[in-house]
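Listing of structure_17.tsv, TSV, C-alpha atoms and all ligand atoms
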```
chain	number	residue	atom	x	y	z
T	24	MET	CA	-24.77	23.64	21.00
T	25	THR	CA	-21.19	23.85	22.14
T	26	ALA	CA	-18.82	21.21	20.90
T	27	VAL	CA	-16.47	21.76	23.82
T	28	PRO	CA	-16.91	18.65	25.94
T	29	ASP	CA	-16.83	18.28	29.69
T	30	ASP	CA	-13.86	16.52	31.28
T	31	HIS	CA	-15.65	13.19	31.41
T	32	ALA	CA	-16.68	12.99	27.81
T	33	LYS	CA	-13.94	14.40	25.60
T	34	PRO	CA	-15.04	13.46	22.08
T	35	TRP	CA	-11.47	12.53	21.13
T	36	GLU	CA	-11.57	9.94	23.88
T	37	THR	CA	-14.91	8.44	22.99
T	38	VAL	CA	-15.85	8.83	19.33
T	39	ARG	CA	-13.14	7.46	17.12
T	40	ARG	CA	-12.91	5.27	14.09
T	41	GLY	CA	-10.63	2.31	14.70
T	42	MET	CA	-7.69	1.45	12.44
T	43	LEU	CA	-6.21	-1.80	11.21
T	44	LEU	CA	-2.47	-1.84	11.90
T	45	LEU	CA	-1.01	-4.44	9.55
T	46	MET	CA	2.50	-5.55	10.53
T	47	SER	CA	4.67	-7.74	8.32
T	48	SER	CA	8.30	-8.81	8.26
T	49	PRO	CA	10.40	-11.85	7.51
T	50	SER	CA	10.08	-14.36	10.39
T	51	GLY	CA	12.49	-13.46	13.17
T	52	ALA	CA	12.77	-9.71	12.49
T	53	GLY	CA	11.03	-8.92	15.76
T	54	LYS	CA	7.54	-8.08	14.53
T	55	THR	CA	5.81	-10.35	17.02
T	56	SER	CA	7.60	-8.89	20.07
T	57	LEU	CA	6.99	-5.34	18.83
T	58	SER	CA	3.31	-5.94	18.18
T	59	ARG	CA	2.67	-7.69	21.47
T	60	ARG	CA	4.29	-4.87	23.39
T	61	LEU	CA	2.25	-2.23	21.54
T	62	VAL	CA	-0.95	-4.13	22.34
T	63	ALA	CA	0.07	-4.52	26.00
T	64	ASP	CA	0.68	-0.76	26.23
T	65	HIS	CA	-2.61	0.36	24.63
T	66	LEU	CA	-5.95	-0.69	26.07
T	67	ASP	CA	-7.90	0.17	22.93
T	68	LEU	CA	-5.63	-1.85	20.64
T	69	THR	CA	-6.36	-5.56	20.30
T	70	LEU	CA	-4.43	-8.26	18.52
T	71	SER	CA	-6.18	-10.15	15.77
T	72	ILE	CA	-5.86	-13.84	16.58
T	73	SER	CA	-5.54	-15.82	13.37
T	74	ALA	CA	-6.58	-19.39	12.79
T	75	THR	CA	-3.87	-21.73	11.55
T	76	THR	CA	-3.37	-25.36	10.64
T	77	ARG	CA	0.25	-25.35	11.86
T	78	ALA	CA	1.08	-27.11	15.11
T	79	PRO	CA	1.59	-25.02	18.27
T	80	ARG	CA	5.24	-24.24	19.05
T	81	PRO	CA	6.55	-24.88	22.56
T	82	GLY	CA	5.03	-22.25	24.85
T	83	GLU	CA	2.21	-21.33	22.49
T	84	GLU	CA	-1.35	-21.57	23.80
T	85	GLU	CA	-4.63	-22.15	22.01
T	86	GLY	CA	-6.42	-18.82	21.57
T	87	ARG	CA	-3.41	-16.70	22.59
T	88	GLU	CA	-0.98	-16.93	19.65
T	89	TYR	CA	-3.42	-18.64	17.29
T	90	ASP	CA	-6.61	-20.64	17.16
T	91	PHE	CA	-5.13	-23.98	16.14
T	92	LYS	CA	-7.34	-25.85	13.67
T	93	THR	CA	-7.27	-29.08	11.75
T	94	ARG	CA	-7.26	-28.80	7.98
T	95	ALA	CA	-10.90	-29.95	7.92
T	96	GLU	CA	-11.94	-27.28	10.45
T	97	PHE	CA	-10.04	-24.64	8.47
T	98	ASP	CA	-11.72	-25.70	5.23
T	99	ALA	CA	-15.13	-25.47	6.91
T	100	MET	CA	-14.34	-21.91	8.04
T	101	ILE	CA	-13.35	-20.96	4.48
T	102	ALA	CA	-16.58	-22.48	3.14
T	103	ALA	CA	-18.65	-20.58	5.72
T	104	GLY	CA	-17.03	-17.26	4.69
T	105	GLU	CA	-15.63	-16.73	8.19
T	106	PHE	CA	-12.30	-15.29	7.00
T	107	LEU	CA	-11.54	-11.71	6.05
T	108	GLU	CA	-8.54	-13.26	4.24
T	109	TRP	CA	-6.60	-16.49	4.36
T	110	ALA	CA	-3.37	-17.72	2.78
T	111	GLU	CA	-1.02	-20.67	2.54
T	112	VAL	CA	2.29	-19.85	4.26
T	113	HIS	CA	5.15	-22.31	4.85
T	114	ASN	CA	2.88	-25.14	3.61
T	115	GLN	CA	0.32	-24.32	6.32
T	116	TYR	CA	-2.91	-22.34	6.25
T	117	TYR	CA	-3.42	-19.07	8.10
T	118	GLY	CA	-6.55	-16.95	8.16
T	119	THR	CA	-7.98	-13.83	9.77
T	120	PRO	CA	-11.46	-14.31	11.27
T	121	ARG	CA	-13.79	-11.54	10.15
T	122	ALA	CA	-16.17	-11.19	13.13
T	123	PRO	CA	-13.75	-9.95	15.85
T	124	VAL	CA	-12.26	-7.37	13.45
T	125	GLU	CA	-15.64	-5.91	12.59
T	126	ALA	CA	-16.71	-5.88	16.24
T	127	ALA	CA	-13.53	-4.00	17.26
T	128	LEU	CA	-13.81	-1.41	14.49
T	129	ASN	CA	-17.45	-0.76	15.28
T	130	ALA	CA	-16.53	-0.21	18.93
T	131	GLY	CA	-13.85	2.35	17.89
T	132	ARG	CA	-10.96	0.07	18.82
T	133	ASP	CA	-7.85	-0.58	16.76
T	134	VAL	CA	-6.74	-4.02	15.63
T	135	LEU	CA	-3.16	-5.09	15.11
T	136	PHE	CA	-2.35	-7.86	12.64
T	137	ASP	CA	0.85	-9.91	12.68
T	138	ILE	CA	0.46	-11.01	9.10
T	139	ASP	CA	2.40	-11.84	5.94
T	140	TRP	CA	2.46	-9.59	2.85
T	141	GLN	CA	-0.38	-11.47	1.14
T	142	GLY	CA	-2.71	-10.99	4.09
T	143	ALA	CA	-1.72	-7.35	4.54
T	144	LYS	CA	-2.33	-6.63	0.87
T	145	SER	CA	-5.67	-8.37	0.86
T	146	ILE	CA	-6.96	-6.56	3.97
T	147	ALA	CA	-5.60	-3.18	2.80
T	148	GLU	CA	-7.37	-3.64	-0.53
T	149	LYS	CA	-10.65	-4.45	1.18
T	150	MET	CA	-10.41	-1.66	3.75
T	151	PRO	CA	-8.03	0.97	2.33
T	152	ASN	CA	-9.13	3.86	4.55
T	153	ASP	CA	-8.85	1.84	7.75
T	154	SER	CA	-5.51	0.15	7.02
T	155	VAL	CA	-2.01	1.23	8.05
T	156	ARG	CA	0.81	-1.01	6.83
T	157	VAL	CA	4.10	-1.31	8.72
T	158	PHE	CA	7.04	-3.45	7.59
T	159	VAL	CA	9.83	-4.48	9.96
T	160	LEU	CA	13.26	-5.17	8.43
T	161	PRO	CA	16.19	-6.85	10.18
T	162	PRO	CA	19.46	-4.86	10.31
T	163	SER	CA	21.18	-7.67	8.36
T	164	TRP	CA	20.41	-11.11	7.01
T	165	SER	CA	22.97	-12.76	9.27
T	166	ASP	CA	21.27	-11.13	12.27
T	167	LEU	CA	17.93	-12.57	11.17
T	168	SER	CA	19.42	-16.05	10.79
T	169	ARG	CA	21.05	-15.75	14.22
T	170	ARG	CA	17.75	-14.75	15.82
T	171	LEU	CA	15.86	-17.63	14.26
T	172	HIS	CA	18.46	-20.12	15.50
T	173	ALA	CA	18.61	-18.49	18.93
T	174	ARG	CA	14.89	-18.78	19.55
T	175	ALA	CA	15.30	-22.56	19.03
T	176	GLN	CA	11.64	-23.07	18.29
T	177	ASP	CA	12.04	-24.70	14.90
T	178	THR	CA	14.15	-27.36	13.21
T	179	ASP	CA	16.99	-26.30	10.87
T	180	GLU	CA	14.85	-27.34	7.95
T	181	ILE	CA	11.99	-25.04	8.98
T	182	ILE	CA	14.42	-22.21	9.77
T	183	ASN	CA	15.87	-22.50	6.26
T	184	LEU	CA	12.37	-22.45	4.80
T	185	ARG	CA	11.58	-19.31	6.83
T	186	LEU	CA	14.79	-17.60	5.70
T	187	GLU	CA	14.19	-18.47	2.07
T	188	ARG	CA	10.63	-17.20	2.31
T	189	GLY	CA	11.81	-14.08	4.13
T	190	LYS	CA	13.72	-13.02	0.98
T	191	GLY	CA	10.42	-13.06	-0.90
T	192	GLU	CA	8.67	-11.24	1.94
T	193	ILE	CA	11.12	-8.30	1.98
T	194	GLY	CA	10.55	-7.84	-1.77
T	195	HIS	CA	7.18	-6.38	-0.80
T	196	TRP	CA	8.50	-3.60	1.44
T	197	GLY	CA	7.50	-0.96	-1.13
T	198	GLU	CA	3.79	-1.73	-0.57
T	199	TYR	CA	3.95	-0.53	3.04
T	200	ASP	CA	3.23	2.90	4.54
T	201	TYR	CA	6.10	2.72	7.07
T	202	ILE	CA	9.37	0.80	7.30
T	203	ILE	CA	11.10	0.12	10.62
T	204	VAL	CA	14.66	-1.27	10.69
T	205	ASN	CA	14.82	-3.23	13.94
T	206	LYS	CA	18.42	-2.53	15.00
T	207	ASN	CA	17.41	-2.68	18.63
T	208	PHE	CA	14.07	-3.30	20.28
T	209	ASP	CA	13.73	0.01	22.12
T	210	GLY	CA	14.42	2.14	19.06
T	211	ALA	CA	12.12	0.09	16.86
T	212	TYR	CA	9.40	0.17	19.50
T	213	ALA	CA	9.64	3.95	19.80
T	214	ASP	CA	9.25	4.23	16.01
T	215	LEU	CA	6.20	2.00	16.10
T	216	GLY	CA	4.64	4.03	18.91
T	217	HIS	CA	5.13	7.26	16.93
T	218	ILE	CA	3.51	5.72	13.85
T	219	TYR	CA	0.53	4.51	15.87
T	220	ARG	CA	0.09	7.83	17.62
T	221	ALA	CA	0.36	9.89	14.42
T	222	GLU	CA	-2.08	7.65	12.56
T	223	ARG	CA	-4.63	8.08	15.34
T	224	LEU	CA	-4.52	11.83	14.75
T	225	LYS	CA	-5.57	11.60	11.09
T	226	PRO	CA	-8.80	13.55	10.48
T	227	GLY	CA	-10.63	10.56	8.99
T	228	ARG	CA	-10.16	8.58	12.21
T	229	ASN	CA	-11.74	11.33	14.29
T	230	PRO	CA	-15.31	11.82	13.13
T	231	TRP	CA	-15.99	14.24	16.00
T	232	LEU	CA	-13.71	16.87	14.41
T	233	PRO	CA	-16.10	18.71	12.05
T	234	GLU	CA	-18.61	19.36	14.84
T	235	PHE	CA	-15.88	20.28	17.26
T	236	VAL	CA	-14.27	22.77	14.87
T	237	GLN	CA	-17.66	24.24	14.03
T	238	GLY	CA	-18.19	24.74	17.74
T	239	LEU	CA	-14.83	26.51	17.99
T	240	ALA	CA	-15.76	28.80	15.12
T	241	GLU	CA	-19.08	29.67	16.74
T	242	GLU	CA	-17.71	30.45	20.18
T	301	LIG	P1	4.33	-18.26	12.13
T	301	LIG	O1	4.11	-19.70	11.74
T	301	LIG	O2	5.78	-17.93	12.23
T	301	LIG	O3	3.56	-17.89	13.36
T	301	LIG	O4	3.74	-17.37	10.96
T	301	LIG	C1	4.14	-17.58	9.65
T	301	LIG	C2	3.67	-16.44	8.78
T	301	LIG	O5	2.25	-16.43	8.66
T	301	LIG	C3	4.07	-15.09	9.33
T	301	LIG	O6	4.60	-14.31	8.25
T	301	LIG	C4	2.77	-14.54	9.80
T	301	LIG	O7	2.76	-13.14	9.76
T	301	LIG	C5	1.80	-15.12	8.80
T	301	LIG	N1	0.41	-15.10	9.28
T	301	LIG	C6	-0.03	-15.24	10.55
T	301	LIG	N2	-1.36	-15.14	10.61
T	301	LIG	C7	-1.79	-14.90	9.35
T	301	LIG	C8	-3.09	-14.68	8.77
T	301	LIG	O8	-4.12	-14.68	9.42
T	301	LIG	N3	-3.12	-14.48	7.42
T	301	LIG	C9	-2.00	-14.47	6.67
T	301	LIG	N4	-2.15	-14.24	5.36
T	301	LIG	N5	-0.76	-14.66	7.18
T	301	LIG	C10	-0.66	-14.88	8.50
```

Target encoding structure tokens, full file:
Amino acid sequence: MTAVPDDHAKPWETVRRGMLLLMSSPSGAGKTSLSRRLVADHLDLTLSISATTRAPRPGEEEGREYDFKTRAEFDAMIAAGEFLEWAEVHNQYYGTPRAPVEAALNAGRDVLFDIDWQGAKSIAEKMPNDSVRVFVLPPSWSDLSRRLHARAQDTDEIINLRLERGKGEIGHWGEYDYIIVNKNFDGAYADLGHIYRAERLKPGRNPWLPEFVQGLAEE
């Protein structure tokens, strides 16, 4: 059998093992814009939609940014084992539903997570071979503060809570595979695209390779 495929069924286009791209940063460093753009630009990359007990911000829609839940609904999901991981962040609960992640991986699609360090660590520990961790840093702390105030989505009190928590978040940068300093969106986005592309080329994510190489050797 030859492993050289016809034009319609290149194995590298069809048989792939998905990855979990775990993105963390202090709030306001640009992680959400970067991740949404990467998802928009890649058909086989989906965003994991978390459940949360926090209230929607202006402009946020149910099922797009988050599945917004009451505390009682969230507790029921925990009890039913529906979360891959969950955590308390900023006095609210956030959790990653398990079923859509497993469905995507099984279909050979990648899943991007906009997630704090606790969630990233917990998922990476459960699925080490599938996880790629990326941390986004702001170019300066004053820049981060400026961005949080400029987006005008939160009260000063919440912004201060986010900034304070961000200091703790950046302490975990050493646990990540890649660090992007978001000096400007285009540069940071190019870095993210290179990381994603390179990770897709890892042998373990391309189970078609052994047969393909054997075919090359036998030609
Ligand atoms: P925000 O309220 O600004 O949308 O998110 C607050 C923090 O919660 C961010 O650091 C975000 O990455 C994190 N987060 C969002 N979804 C999840 C999740 O499913 N699990 C965990 N552990 N953290 C999450």

Would you mind listing the residues within 8 Å of ligand LIG 301 (chain T), counting only C-alpha atoms and all ligand atoms, as a PyMOL selection string?
chain T and resi 46-50+72-75+77+88-89+108-113+116-120+136-143

Would you mind reading off the distance between atom CA of Ser154 of chain T and atom CA of Leu45 of chain T, one decimal, in Å?
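Result for atom CA of Ser154 of chain T versus atom CA of Leu45 of chain T: 6.9 Å, one decimal.
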
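Between atom CA of Tyr219 of chain T and atom CA of Leu232 of chain T there is a distance of 18.9 Å.
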
Kindly compute an axis-aligned box around the listed atoms of segment 134-140 of chain T, allowing 8 Å on each side, and express its centre and edge lengths in Å to one decimal as lines of an AutoDock Vina configuration file.
```
center_x = -2.1
center_y = -7.9
center_z = 9.2
size_x = 25.2
size_y = 23.8
size_z = 28.8
```

Write out as a list of chain:residue names each polymer residue whose atoms come within 7 Å of segment 123-133 of chain T, counting all atoms listed in the file; drop sequence neighbours fewer than 2 positions from it.
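With the cut-off at 7 Å, the set is T:Val38, T:Arg39, T:Arg40, T:Gly41, T:Met42, T:Leu43, T:Asp67, T:Leu68, T:Thr69, T:Pro120, T:Arg121, T:Leu135.
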